[in-house]
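Participant: Please find one structure pasted underneath; my questions will follow.
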Amino acid sequence: MNSLQQLMAFSHTARLGSFAAAARELGCAPSTLAKSVARLESALGVKLFHRTTRQVSLTPDGEHLYCRCERVLAELDELQTEAAGSRGTVSGTLRLDAPQTYGRRVVLPLLARLLQAHPALTLDLRLRDSYADLAREGLDAAIRVGALRDSSLVARRFDWQRLVLVASPGYVAAHGQPACIAELSAHAAIVFRLPSTGRDRTWQFSGPQGLVEWQPQARVQMNDGEAMVAAALAGCGLTQVPDNMVADELQSGALVELLPQCRPPPMPISVVMPSARLQPPRVRALLALLETLNTTRGP
């Protein structure tokens, strides 16, 4: 392989974390790709990967080269696209990871529009509340809520999540409406049990001194947001959930918001991608559609 092909072999292996996965994407044998990367290491005089029987990971020299390599290959991709005189057909399989409830309620309707607009596109949507490894799973992108932990990913914020405290009108009529955060201790709480720790998620509010973390005394513990909303509708107590989960119930009056003056600051919702390189048309189409939420659901 020539030097450009060696750089492509290296870049794909770094992004996917596997010679086998990179070889499948490039349409060559894993042994051929591994030899190409070895030749690149020999030519440069540095070790680019730590190798084990199951995966490969970048060395510090590999990390540095990967950042530079991605920029160079992105420019080449862009030149090829411009030379073709087209931004390309939206086709292939869009592989996307998203949180369960937000994915069902917000992302899926957008993706339905995307599929309708592009008949050659297929979709692989994975809904879960844990973080996915984009490179290892071969994902094009993932939707993430809150502060981003992985600085190696390319991120673009496109929406906001607001937490609201709600209860049924029947519960409020029977137990009263809290006037401040301190009065919450007198009320039954429906809380979310964090799958990662088994602990109850704290409630968040805005107070005079900034963000307030409140640990409710749970009467009902659940590991599913939709079930928490159902419990609140049934009058089991107060619960704090993302606003998109209860928009219809609040509009119809089936639930009422409590302490709206104490809503915590909204959390960013971002789409993250494993590479800074020019994205394929299917990903660009997704980004353009997600961008429409920026104009309709500001902070």
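By order in the structure tokens, chains are A, B, ...; within a chain, residues start at 1; ligands start at 1, following the order shown.
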What are the closest atom pairs, with distances in Å to one decimal, for all residues of stretch 250-282 of chain A lying within 12 Å of stretch 168-186 of chain A? Consider only C-alpha atoms, order rows by chain and residue number, and present the result as a Markdown table.
Facilitator:
```
| residue | atom | partner | partner_atom | distance |
| --- | --- | --- | --- | --- |
| A:Leu250 | CA | A:Ser168 | CA | 9.6 |
| A:Ser252 | CA | A:Ser168 | CA | 11.4 |
| A:Gly253 | CA | A:Pro169 | CA | 7.8 |
| A:Ala254 | CA | A:Ser168 | CA | 6.2 |
| A:Leu255 | CA | A:Ser168 | CA | 4.5 |
| A:Val256 | CA | A:Ser168 | CA | 6.1 |
| A:Glu257 | CA | A:Ser168 | CA | 8.9 |
| A:Leu258 | CA | A:Gln177 | CA | 7.3 |
| A:Leu259 | CA | A:Cys180 | CA | 6.9 |
| A:Pro260 | CA | A:Cys180 | CA | 10.2 |
| A:Gln261 | CA | A:Cys180 | CA | 9.4 |
| A:Cys262 | CA | A:Ile181 | CA | 8.0 |
| A:Arg263 | CA | A:Ile181 | CA | 10.8 |
```
Participant: As a list in words, list the residues of stretch 152-200 of chain A assigned to alpha helix (DSSP H) by DSSP on the backbone atoms of this structure.
Facilitator: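 The alpha helix (DSSP H) residues within stretch 152-200 of chain A come out as Pro169, Gly170, Tyr171, Val172, Ala173, Ala174 and His175 of chain A.
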Participant: Taking into account only C-alpha atoms, which residue in the set A:Asn223, A:Gln116, A:Ser57, A:Ser18 is nearest to A:Gln100?
Facilitator: A:Asn223
Participant: Using only C-alpha atoms, pick whichever of A:Val246, A:Leu96, A:Ala43, A:Ala288 has the shortest atom-to-atom distance to A:Pro274.
Facilitator: A:Leu96
Participant: For A:Leu4, which of A:Val37, A:Ala147, A:Ala231, A:Met245 is the closest residue, counting only C-alpha atoms?
Facilitator: A:Val37
Participant: Give the strand (DSSP E) residues of stretch 22-267 of chain A, as DSSP finds them on the backbone, and put them as a VMD selection string.
Facilitator: chain A and resid 49 to 51 56 to 58 92 to 98 121 to 127 141 to 145 154 to 161 163 to 167 189 to 192 203 to 207 210 to 214 218 to 222 238 to 242 256 to 258 267
Participant: Which residues of stretch 224-277 of chain A have any atom within 12 Å of an atom in stretch 192-200 of chain A when counting only C-alpha atoms, and what is the closest pair of atoms for each, with the distance in Å to one decimal? Order the rows by chain and rising number and write it as CSV.
Facilitator:
```
residue,atom,partner,partner_atom,distance
A:Asp224,CA,A:Phe192,CA,7.1
A:Gly225,CA,A:Phe192,CA,7.2
A:Glu226,CA,A:Phe192,CA,10.6
A:Ala227,CA,A:Phe192,CA,9.8
A:Met228,CA,A:Phe192,CA,7.6
A:Val229,CA,A:Phe192,CA,10.8
A:Ala231,CA,A:Phe192,CA,11.8
A:Leu238,CA,A:Phe192,CA,11.7
A:Thr239,CA,A:Phe192,CA,8.7
A:Gln240,CA,A:Phe192,CA,8.8
A:Val241,CA,A:Phe192,CA,9.0
A:Pro242,CA,A:Phe192,CA,11.9
```
Participant: Just to be explicit: take each residue in the selection above, keep N, CA, C and O atoms, and write the result as a PDB file, in the first residue's frame.
Facilitator:
```
ATOM      1  N   ASP A 224     -37.573   3.172  35.338  1.00  0.00           N
ATOM      2  CA  ASP A 224     -38.120   3.502  34.026  1.00  0.00           C
ATOM      3  C   ASP A 224     -38.883   4.819  34.112  1.00  0.00           C
ATOM      4  O   ASP A 224     -39.796   4.968  34.945  1.00  0.00           O
ATOM      5  N   GLY A 225     -38.497   5.772  33.255  1.00  0.00           N
ATOM      6  CA  GLY A 225     -39.109   7.092  33.301  1.00  0.00           C
ATOM      7  C   GLY A 225     -40.578   7.085  32.949  1.00  0.00           C
ATOM      8  O   GLY A 225     -41.387   7.802  33.561  1.00  0.00           O
ATOM      9  N   GLU A 226     -40.968   6.289  31.945  1.00  0.00           N
ATOM     10  CA  GLU A 226     -42.377   6.247  31.550  1.00  0.00           C
ATOM     11  C   GLU A 226     -43.233   5.707  32.698  1.00  0.00           C
ATOM     12  O   GLU A 226     -44.358   6.170  32.918  1.00  0.00           O
ATOM     13  N   ALA A 227     -42.701   4.741  33.432  1.00  0.00           N
ATOM     14  CA  ALA A 227     -43.441   4.188  34.568  1.00  0.00           C
ATOM     15  C   ALA A 227     -43.579   5.231  35.677  1.00  0.00           C
ATOM     16  O   ALA A 227     -44.601   5.269  36.378  1.00  0.00           O
ATOM     17  N   MET A 228     -42.569   6.082  35.847  1.00  0.00           N
ATOM     18  CA  MET A 228     -42.656   7.141  36.851  1.00  0.00           C
ATOM     19  C   MET A 228     -43.782   8.113  36.511  1.00  0.00           C
ATOM     20  O   MET A 228     -44.529   8.560  37.391  1.00  0.00           O
ATOM     21  N   VAL A 229     -43.905   8.445  35.227  1.00  0.00           N
ATOM     22  CA  VAL A 229     -44.997   9.328  34.800  1.00  0.00           C
ATOM     23  C   VAL A 229     -46.347   8.658  35.072  1.00  0.00           C
ATOM     24  O   VAL A 229     -47.285   9.305  35.567  1.00  0.00           O
ATOM     25  N   ALA A 231     -47.013   6.492  37.361  1.00  0.00           N
ATOM     26  CA  ALA A 231     -47.257   6.508  38.810  1.00  0.00           C
ATOM     27  C   ALA A 231     -47.736   7.886  39.267  1.00  0.00           C
ATOM     28  O   ALA A 231     -48.611   7.996  40.139  1.00  0.00           O
ATOM     29  N   LEU A 238     -45.086  12.953  43.949  1.00  0.00           N
ATOM     30  CA  LEU A 238     -44.392  13.890  43.079  1.00  0.00           C
ATOM     31  C   LEU A 238     -43.256  13.170  42.361  1.00  0.00           C
ATOM     32  O   LEU A 238     -42.649  12.252  42.906  1.00  0.00           O
ATOM     33  N   THR A 239     -42.941  13.633  41.159  1.00  0.00           N
ATOM     34  CA  THR A 239     -41.776  13.108  40.466  1.00  0.00           C
ATOM     35  C   THR A 239     -41.158  14.209  39.615  1.00  0.00           C
ATOM     36  O   THR A 239     -41.855  15.128  39.178  1.00  0.00           O
ATOM     37  N   GLN A 240     -39.846  14.096  39.404  1.00  0.00           N
ATOM     38  CA  GLN A 240     -39.137  15.058  38.555  1.00  0.00           C
ATOM     39  C   GLN A 240     -38.629  14.320  37.323  1.00  0.00           C
ATOM     40  O   GLN A 240     -37.868  13.355  37.441  1.00  0.00           O
ATOM     41  N   VAL A 241     -39.066  14.787  36.153  1.00  0.00           N
ATOM     42  CA  VAL A 241     -38.740  14.124  34.892  1.00  0.00           C
ATOM     43  C   VAL A 241     -38.451  15.168  33.828  1.00  0.00           C
ATOM     44  O   VAL A 241     -38.797  16.349  33.987  1.00  0.00           O
ATOM     45  N   PRO A 242     -37.839  14.790  32.714  1.00  0.00           N
ATOM     46  CA  PRO A 242     -37.646  15.717  31.597  1.00  0.00           C
ATOM     47  C   PRO A 242     -38.983  16.207  31.050  1.00  0.00           C
ATOM     48  O   PRO A 242     -39.963  15.451  30.988  1.00  0.00           O
TER      49      PRO A 242
END
```
